[in-house]
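K.L.:
Just one file: upload.txt, with compact mmCIF, C-alpha atoms.
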# COMPACT_ATOMS: atom_id res chain seq x y z
CA MET Q 12 -40.83 -56.64 -4.24
CA ARG Q 13 -37.28 -56.31 -3.01
CA ALA Q 14 -34.31 -54.62 -4.66
CA ARG Q 15 -30.81 -55.54 -3.56
CA VAL Q 16 -28.24 -52.85 -4.17
CA TYR Q 17 -24.48 -53.46 -3.97
CA VAL Q 18 -22.47 -50.26 -3.61
CA THR Q 19 -18.73 -50.59 -4.15
CA LEU Q 20 -15.82 -48.18 -4.38
CA LYS Q 21 -14.80 -47.58 -7.99
CA SER Q 22 -11.68 -49.43 -8.98
CA GLY Q 23 -8.77 -47.08 -8.51
CA VAL Q 24 -10.27 -45.45 -5.40
CA LEU Q 25 -8.14 -46.41 -2.41
CA ASP Q 26 -9.97 -48.67 0.05
CA PRO Q 27 -8.06 -48.49 3.33
CA GLN Q 28 -10.67 -50.66 5.10
CA GLY Q 29 -10.20 -53.40 2.52
CA GLN Q 30 -6.42 -53.14 2.86
CA ALA Q 31 -6.63 -53.50 6.65
CA VAL Q 32 -8.85 -56.57 6.35
CA ALA Q 33 -6.53 -58.07 3.72
CA ARG Q 34 -3.53 -57.60 6.01
CA THR Q 35 -5.36 -59.23 8.91
CA LEU Q 36 -6.47 -62.17 6.76
CA GLY Q 37 -2.82 -62.57 5.80
CA ARG Q 38 -1.86 -62.63 9.49
CA LEU Q 39 -4.49 -65.35 10.05
CA GLY Q 40 -2.66 -67.49 7.53
CA TYR Q 41 -4.72 -66.86 4.41
CA GLY Q 42 -1.70 -66.20 2.25
CA GLU Q 43 -3.72 -66.65 -0.93
CA VAL Q 44 -5.63 -63.39 -0.33
CA GLN Q 45 -4.62 -60.97 -3.07
CA GLY Q 46 -6.85 -58.09 -2.10
CA VAL Q 47 -10.07 -57.10 -0.34
CA ARG Q 48 -12.54 -54.38 -1.29
CA ILE Q 49 -15.34 -53.44 1.08
CA GLY Q 50 -18.71 -52.14 -0.05
CA LYS Q 51 -22.26 -51.72 1.16
CA TYR Q 52 -25.32 -53.90 0.70
CA VAL Q 53 -28.70 -52.15 0.72
CA GLU Q 54 -32.13 -53.83 0.63
CA ILE Q 55 -35.00 -51.70 -0.59
CA ASP Q 56 -38.55 -53.02 -0.27
CA LEU Q 57 -40.95 -51.60 -2.83
CA GLU Q 58 -44.63 -51.77 -3.60
CA GLY Q 59 -45.75 -52.59 -7.12
CA GLY Q 60 -45.28 -55.65 -9.30
CA ASP Q 61 -43.36 -54.49 -12.35
CA PRO Q 62 -39.66 -55.42 -11.97
CA ASP Q 63 -38.54 -53.21 -14.87
CA ALA Q 64 -40.29 -50.18 -13.44
CA ALA Q 65 -38.87 -50.98 -10.00
CA ARG Q 66 -35.38 -51.26 -11.40
CA ALA Q 67 -35.69 -47.89 -13.12
CA ARG Q 68 -36.83 -46.28 -9.88
CA VAL Q 69 -34.04 -47.87 -7.84
CA GLU Q 70 -31.54 -46.83 -10.50
CA GLU Q 71 -32.67 -43.23 -9.95
CA MET Q 72 -32.48 -43.66 -6.15
CA CYS Q 73 -28.90 -44.86 -6.51
CA ARG Q 74 -27.89 -41.90 -8.62
CA ARG Q 75 -29.57 -39.40 -6.31
CA LEU Q 76 -28.74 -40.81 -2.89
CA VAL Q 77 -27.81 -44.42 -2.31
CA ALA Q 78 -24.45 -44.22 -4.12
CA ASN Q 79 -22.03 -41.35 -4.64
CA THR Q 80 -21.11 -41.91 -8.26
CA VAL Q 81 -17.98 -39.79 -7.94
CA ILE Q 82 -16.31 -42.60 -6.02
CA GLU Q 83 -18.78 -45.48 -6.02
CA ASP Q 84 -20.34 -47.95 -8.46
CA TYR Q 85 -23.60 -49.76 -7.82
CA ARG Q 86 -25.27 -52.93 -9.00
CA ILE Q 87 -28.99 -53.64 -8.65
CA GLU Q 88 -30.81 -56.96 -8.41
CA VAL Q 89 -34.61 -57.05 -8.30
CA ASP Q 90 -36.39 -60.02 -6.70
CA THR Q 91 -39.88 -60.70 -7.89
CA MET A 24 -25.31 -2.16 8.87
CA SER A 25 -24.05 -5.55 9.78
CA VAL A 26 -23.06 -8.41 7.54
CA VAL A 27 -25.26 -11.35 8.56
CA PHE A 28 -23.82 -14.86 8.52
CA GLY A 29 -26.45 -17.59 8.40
CA VAL A 30 -25.26 -20.82 10.03
CA VAL A 31 -27.27 -23.86 8.94
CA ARG A 32 -28.07 -26.28 11.74
CA PHE A 33 -28.91 -29.92 10.96
CA PRO A 34 -29.59 -32.75 13.40
CA GLY A 35 -26.05 -33.67 14.43
CA SER A 36 -24.34 -30.37 13.62
CA ASN A 37 -21.91 -29.60 16.44
CA CYS A 38 -19.77 -26.68 15.28
CA ASP A 39 -22.75 -24.41 14.66
CA ASP A 40 -22.55 -22.51 17.95
CA ASP A 41 -18.78 -22.05 17.56
CA ALA A 42 -19.33 -20.49 14.14
CA VAL A 43 -22.08 -18.20 15.40
CA ARG A 44 -19.84 -17.13 18.27
CA VAL A 45 -17.09 -16.06 15.85
CA VAL A 46 -19.31 -13.78 13.82
CA ASP A 47 -21.76 -12.71 16.49
CA GLN A 48 -19.24 -12.01 19.26
CA VAL A 49 -15.61 -12.02 18.11
CA LEU A 50 -16.36 -10.08 14.92
CA ARG A 51 -19.36 -8.10 16.17
CA PRO A 52 -17.23 -4.94 16.64
CA ALA A 53 -16.09 -5.33 13.03
CA GLY A 54 -19.68 -5.35 11.81
CA ALA A 55 -20.66 -9.01 11.66
CA SER A 56 -23.58 -10.83 13.16
CA GLY A 57 -24.74 -14.43 13.07
CA ARG A 58 -27.93 -16.40 13.13
CA ILE A 59 -28.87 -20.06 13.10
CA ILE A 60 -30.95 -21.38 10.20
CA TRP A 61 -32.79 -24.63 11.05
CA HIS A 62 -32.53 -27.26 8.32
CA LYS A 63 -36.29 -27.41 7.86
CA GLU A 64 -36.46 -23.75 6.84
CA ARG A 65 -37.15 -23.18 3.18
CA ALA A 66 -35.85 -19.61 3.10
CA LEU A 67 -32.58 -18.20 4.37
CA GLY A 68 -34.11 -14.97 5.66
CA GLY A 69 -31.95 -12.48 3.83
CA VAL A 70 -28.54 -13.46 5.20
CA ASP A 71 -25.40 -12.22 3.42
CA VAL A 72 -23.18 -15.26 3.86
CA VAL A 73 -24.13 -18.92 4.36
CA LEU A 74 -21.99 -21.17 6.55
CA VAL A 75 -22.57 -24.93 6.64
CA PRO A 76 -20.85 -26.03 9.84
CA GLY A 77 -19.14 -29.20 10.94
CA GLY A 78 -20.59 -32.08 12.88
CA PHE A 79 -21.93 -35.54 12.25
CA THR A 80 -25.26 -34.84 10.60
CA TYR A 81 -27.59 -37.84 10.67
CA GLY A 82 -24.82 -39.82 12.34
CA ASP A 83 -22.86 -39.94 9.06
CA TYR A 84 -25.36 -42.65 8.01
CA LEU A 85 -24.91 -43.92 4.44
CA ARG A 86 -22.10 -41.41 3.73
CA ALA A 87 -20.99 -38.30 5.60
CA GLY A 88 -23.23 -35.44 4.50
CA ALA A 89 -25.39 -37.53 2.15
CA LEU A 90 -28.64 -37.20 4.09
CA ALA A 91 -28.18 -33.57 5.16
CA ALA A 92 -27.63 -32.65 1.51
CA GLN A 93 -31.27 -33.61 0.90
CA SER A 94 -32.67 -31.41 3.70
CA PRO A 95 -35.38 -28.85 2.83
CA VAL A 96 -33.05 -25.89 3.48
CA MET A 97 -30.57 -27.07 0.85
CA ASP A 98 -32.77 -25.91 -2.05
CA ALA A 99 -32.48 -22.39 -0.70
CA VAL A 100 -28.72 -22.78 -0.17
CA VAL A 101 -28.30 -23.98 -3.76
CA GLU A 102 -30.37 -21.06 -5.03
CA PHE A 103 -28.32 -18.62 -2.92
CA ALA A 104 -25.09 -20.10 -4.29
CA ARG A 105 -26.29 -20.06 -7.90
CA ALA A 106 -27.07 -16.35 -7.48
CA GLY A 107 -23.44 -15.76 -6.46
CA GLY A 108 -23.90 -15.65 -2.69
CA PRO A 109 -20.85 -16.60 -0.61
CA VAL A 110 -21.17 -20.09 0.87
CA ILE A 111 -18.61 -21.88 3.02
CA GLY A 112 -18.77 -25.51 4.16
CA ILE A 113 -16.50 -26.59 6.98
CA CYS A 114 -15.65 -30.27 7.63
CA ASN A 115 -19.05 -32.02 7.55
CA GLY A 116 -20.29 -28.86 5.83
CA PHE A 117 -17.74 -29.48 3.06
CA GLN A 118 -19.01 -33.06 2.77
CA ILE A 119 -22.60 -31.77 2.58
CA LEU A 120 -21.77 -29.25 -0.17
CA CYS A 121 -20.09 -32.01 -2.21
CA GLU A 122 -23.06 -34.33 -1.71
CA ALA A 123 -25.42 -31.49 -2.71
CA GLY A 124 -23.50 -30.98 -5.96
CA LEU A 125 -22.36 -27.45 -5.11
CA LEU A 126 -18.75 -28.60 -5.02
CA ASP A 127 -17.02 -31.23 -7.12
CA GLY A 128 -15.38 -34.32 -5.73
CA ALA A 129 -16.02 -36.50 -2.71
CA LEU A 130 -14.60 -37.06 0.77
CA ALA A 131 -13.65 -40.68 1.36
CA ARG A 132 -12.45 -42.48 4.47
CA ASN A 133 -9.05 -41.32 5.69
CA ALA A 134 -6.22 -43.43 4.29
CA SER A 135 -4.97 -43.92 7.86
CA LEU A 136 -8.40 -45.27 8.93
CA HIS A 137 -7.96 -43.08 12.02
CA PHE A 138 -10.15 -40.25 13.15
CA GLU A 139 -7.57 -37.50 12.62
CA CYS A 140 -7.87 -34.85 15.32
CA ARG A 141 -4.96 -32.41 15.44
CA ASP A 142 -3.59 -29.11 14.22
CA VAL A 143 -2.46 -28.86 10.61
CA HIS A 144 -0.91 -26.15 8.46
CA LEU A 145 -2.39 -25.02 5.17
CA VAL A 146 -1.32 -22.89 2.26
CA VAL A 147 -3.75 -20.81 0.26
CA GLU A 148 -3.67 -20.79 -3.53
CA GLY A 149 -5.93 -20.79 -6.55
CA ARG A 150 -8.47 -18.22 -7.55
CA PRO A 151 -9.62 -15.60 -5.08
CA THR A 152 -12.74 -16.50 -3.11
CA PRO A 153 -14.86 -14.36 -0.78
CA PHE A 154 -13.25 -16.20 2.14
CA THR A 155 -9.60 -16.16 1.11
CA HIS A 156 -9.01 -13.18 -1.19
CA ALA A 157 -6.82 -11.27 1.25
CA ILE A 158 -4.83 -14.17 2.69
CA PRO A 159 -1.29 -14.01 1.30
CA ALA A 160 -0.56 -16.90 -1.06
CA GLY A 161 1.97 -19.33 0.30
CA ARG A 162 1.58 -18.26 3.91
CA ALA A 163 1.21 -21.31 6.16
CA ILE A 164 -1.86 -20.90 8.34
CA ARG A 165 -2.73 -23.14 11.23
CA MET A 166 -6.01 -24.70 12.26
CA SER A 167 -7.30 -28.01 13.50
CA ILE A 168 -8.86 -30.96 11.74
CA ALA A 169 -11.24 -33.50 13.27
CA HIS A 170 -12.58 -36.02 10.80
CA ALA A 171 -12.64 -39.66 9.70
CA GLN A 172 -13.77 -39.04 6.13
CA GLY A 173 -11.69 -36.22 4.75
CA ARG A 174 -9.70 -37.83 1.95
CA TYR A 175 -10.51 -35.62 -1.01
CA VAL A 176 -11.04 -37.52 -4.26
CA HIS A 177 -11.71 -35.93 -7.65
CA PRO A 178 -11.92 -37.82 -10.94
CA ASP A 179 -10.05 -35.10 -12.86
CA VAL A 180 -7.82 -33.28 -10.44
CA ASP A 181 -5.70 -31.75 -13.23
CA ARG A 182 -8.72 -29.87 -14.51
CA LEU A 183 -9.62 -28.72 -10.99
CA GLU A 184 -6.11 -27.37 -10.50
CA GLY A 185 -6.07 -25.82 -13.97
CA GLU A 186 -9.18 -23.86 -13.12
CA GLY A 187 -7.61 -22.55 -9.92
CA ARG A 188 -10.17 -24.33 -7.78
CA VAL A 189 -7.78 -25.88 -5.31
CA VAL A 190 -7.83 -23.28 -2.53
CA PHE A 191 -6.17 -25.01 0.44
CA ARG A 192 -3.48 -27.67 0.64
CA TYR A 193 -2.03 -29.39 3.68
CA ALA A 194 1.53 -28.21 4.20
CA THR A 195 4.36 -28.17 6.72
CA THR A 196 4.82 -25.32 9.19
CA ASP A 197 7.06 -23.75 6.52
CA GLY A 198 4.37 -24.04 3.88
CA ALA A 199 5.94 -26.94 1.98
CA VAL A 200 3.32 -29.17 0.34
CA ILE A 201 4.73 -32.64 0.92
CA GLU A 202 3.14 -36.04 1.50
CA ALA A 203 4.32 -36.10 5.11
CA ALA A 204 2.05 -33.11 5.79
CA ASN A 205 -1.01 -34.87 4.36
CA PRO A 206 -3.14 -36.09 7.28
CA ASN A 207 -5.72 -38.16 5.41
CA GLY A 208 -4.40 -39.21 2.01
CA SER A 209 -6.19 -36.49 0.03
CA GLN A 210 -5.20 -36.28 -3.62
CA ARG A 211 -2.31 -33.80 -3.93
CA ASN A 212 -2.76 -32.66 -0.32
CA ILE A 213 -6.04 -30.95 -1.15
CA ALA A 214 -7.73 -29.57 1.98
CA GLY A 215 -10.23 -27.21 0.36
CA VAL A 216 -11.75 -26.43 -3.04
CA CYS A 217 -14.14 -23.92 -4.56
CA ASN A 218 -16.73 -24.06 -7.33
CA ALA A 219 -16.09 -22.74 -10.85
CA GLU A 220 -17.39 -19.28 -9.95
CA GLY A 221 -15.36 -19.16 -6.73
CA ASN A 222 -18.24 -18.17 -4.43
CA VAL A 223 -18.68 -21.61 -2.85
CA LEU A 224 -15.79 -22.89 -0.73
CA GLY A 225 -15.38 -26.10 1.23
CA LEU A 226 -12.57 -27.19 3.51
CA MET A 227 -12.00 -29.97 6.04
CA PRO A 228 -10.03 -27.93 8.63
CA HIS A 229 -11.91 -25.80 11.17
CA PRO A 230 -11.31 -22.04 10.88
CA GLU A 231 -14.01 -21.37 13.51
CA ARG A 232 -11.87 -23.19 16.08
CA ALA A 233 -8.90 -20.92 15.41
CA CYS A 234 -10.36 -17.49 16.05
CA GLU A 235 -9.50 -16.78 19.66
CA ASP A 236 -6.20 -17.04 21.51
CA LEU A 237 -8.05 -18.45 24.48
CA LEU A 238 -8.71 -21.69 22.63
CA GLY A 239 -5.25 -23.18 22.99
CA GLU A 240 -2.33 -22.71 20.67
CA GLY A 241 -4.29 -22.73 17.44
CA GLY A 242 -4.04 -18.96 17.31
CA GLU A 243 -6.31 -16.80 15.25
CA ASP A 244 -5.50 -17.81 11.69
CA GLY A 245 -9.04 -19.02 11.12
CA LEU A 246 -10.37 -15.54 11.71
CA MET A 247 -8.89 -14.47 8.38
CA LEU A 248 -11.57 -16.39 6.45
CA PHE A 249 -14.35 -14.62 8.32
CA GLU A 250 -12.62 -11.23 7.97
CA CYS A 251 -12.27 -11.78 4.23
CA ALA A 252 -15.98 -12.57 3.87
CA LEU A 253 -16.93 -9.60 6.01
CA ALA A 254 -14.85 -7.22 3.90
CA TRP A 255 -16.11 -8.82 0.68
CA LYS A 256 -19.74 -8.24 1.60
CA ALA A 257 -19.15 -4.81 3.16
CA GLY A 258 -17.24 -3.72 0.07
CA VAL A 259 -14.23 -2.54 2.03
CA PRO A 260 -10.57 -3.53 1.74
CA ALA A 261 -9.78 -6.59 3.84
CA ARG A 262 -7.21 -6.37 6.58
CA VAL A 263 -6.53 -9.83 7.83
CA GLY A 264 -4.26 -11.26 10.46
CA GLY A 265 -3.83 -7.82 11.98
CA LYS A 266 -3.15 -9.14 15.46
CA ARG A 267 -0.07 -11.11 14.52
Could you show the structure in this file as structure tokens?
P.N.:
Amino acid sequence: MRARVYVTLKSGVLDPQGQAVARTLGRLGYGEVQGVRIGKYVEIDLEGGDPDAARARVEEMCRRLVANTVIEDYRIEVDT
Amino acid sequence: MSVVFGVVRFPGSNCDDDAVRVVDQVLRPAGASGRIIWHKERALGGVDVVLVPGGFTYGDYLRAGALAAQSPVMDAVVEFARAGGPVIGICNGFQILCEAGLLDGALARNASLHFECRDVHLVVEGRPTPFTHAIPAGRAIRMSIAHAQGRYVHPDVDRLEGEGRVVFRYATTDGAVIEAANPNGSQRNIAGVCNAEGNVLGLMPHPERACEDLLGEGGEDGLMLFECALAWKAGVPARVGGKR
């Protein structure tokens, strides 16, 4: 089973990387770009076949290590 | 009887030997000594002060300090801190203490996106800590920074300030706290904070690199933090900055 975790900076936390990418996209002519936020994508392979149980475990992993909930949010998808 | 500083070494620590040198050589005549504690140790071996040094532990993978904060030795550091023992985290050590939950807040990527490596000036304020209690409030002290992820972020910075837990702010050479003196975009120029009890301190600048005249023009302002801790543990009045 595979969990896909998306870690993103909380809204309101300055993302200088995103700003730099947005400026560069603007220079490349993509004037419609209003903003860019950069996050992390984490794949976690797990043994076991119960998606609910897996989600609960990954949720705990996110709180304890994978995300820093002071400045980051996370979203979990579990493939079965 | 010497005051023993335990310096925690992780894979990727690189300011550990500098810190040991300060206590074990520069401050040896004043009664300090230093020893390295490997991150796989589960006991601190009776040290009086714990120092978590700078570096790039685990290559800053995931987030700076995130993996080191889960090292075996950290349980003992947390226990030491909970019992009131003086703990200081410098640069990556500050990031580790935040990730370990001993300090509030987080260190995000510098607003400039640059690795900021230069001297800065700081003012000391807030509640007294074992490492700052004798440094005159408002005096601008000088030391260097060297980090890419030092932008301090706290979800309730008013509360932190209200509790006197902002200990260092980036300032001008005259001690003025203005945005132009902020090297990394930290909220309200915050360079260092302490826990609610005051015994755990973290800061991004490097006091251990400003302890000997020989090391360039940084001077010896950093020595004051070590002298404060030494006096605190020895139970004697602190005399800091005596060579100025």
K.L.:
Hey, can you check how far CA of Met97 in chain A sits from CA of Gly112 in chain A?
P.N.:
12.4 Å
K.L.:
With all atoms listed in the file as the basis for distance, which of Q:Ala67, Q:Lys21, Q:Glu88, Q:Ala14 is at the shortest distance from chain A?
P.N.:
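Nearest to chain A: Q:Lys21.
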K.L.:
Quick one: pull the distance between CA of Thr19 in chain Q and CA of Arg48 in chain Q, Å, one decimal.
P.N.:
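These two atoms are separated by 7.8 Å.
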K.L.:
So, counting all atoms listed in the file, which residue among Q:Val53, Q:Gly37, Q:Gln45, Q:Asp26 is closest to Leu76 in chain Q?
P.N.:
Q:Val53
K.L.:
So that I can see what lies close to Arg105 in chain A, please list as JSON, numbers by chain the residues with an atom at most 10 Å from it, counting all atoms listed in the file and leaving out residues fewer than 2 positions away in the same chain.
P.N.:
{"A": [99, 100, 101, 102, 103, 107, 108, 109, 125, 220, 222, 223]}
K.L.:
At a cut-off of 9 Å, list the chain Q residues touching chain A, using all atoms listed in the file, as a list in words.
P.N.:
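Listing them in order of chain and number gives Val24, Leu25, Asp26, Pro27, Gln28, Ala31, Lys51, Leu76, Val77, Ala78, Asn79, Val81 and Ile82 of chain Q.
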K.L.:
Suppose you want the space between CA of Val89 in chain Q and CA of Val47 in chain Q; what is it in Å?
P.N.:
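Rounded to one decimal, the two atoms are 25.8 Å apart.
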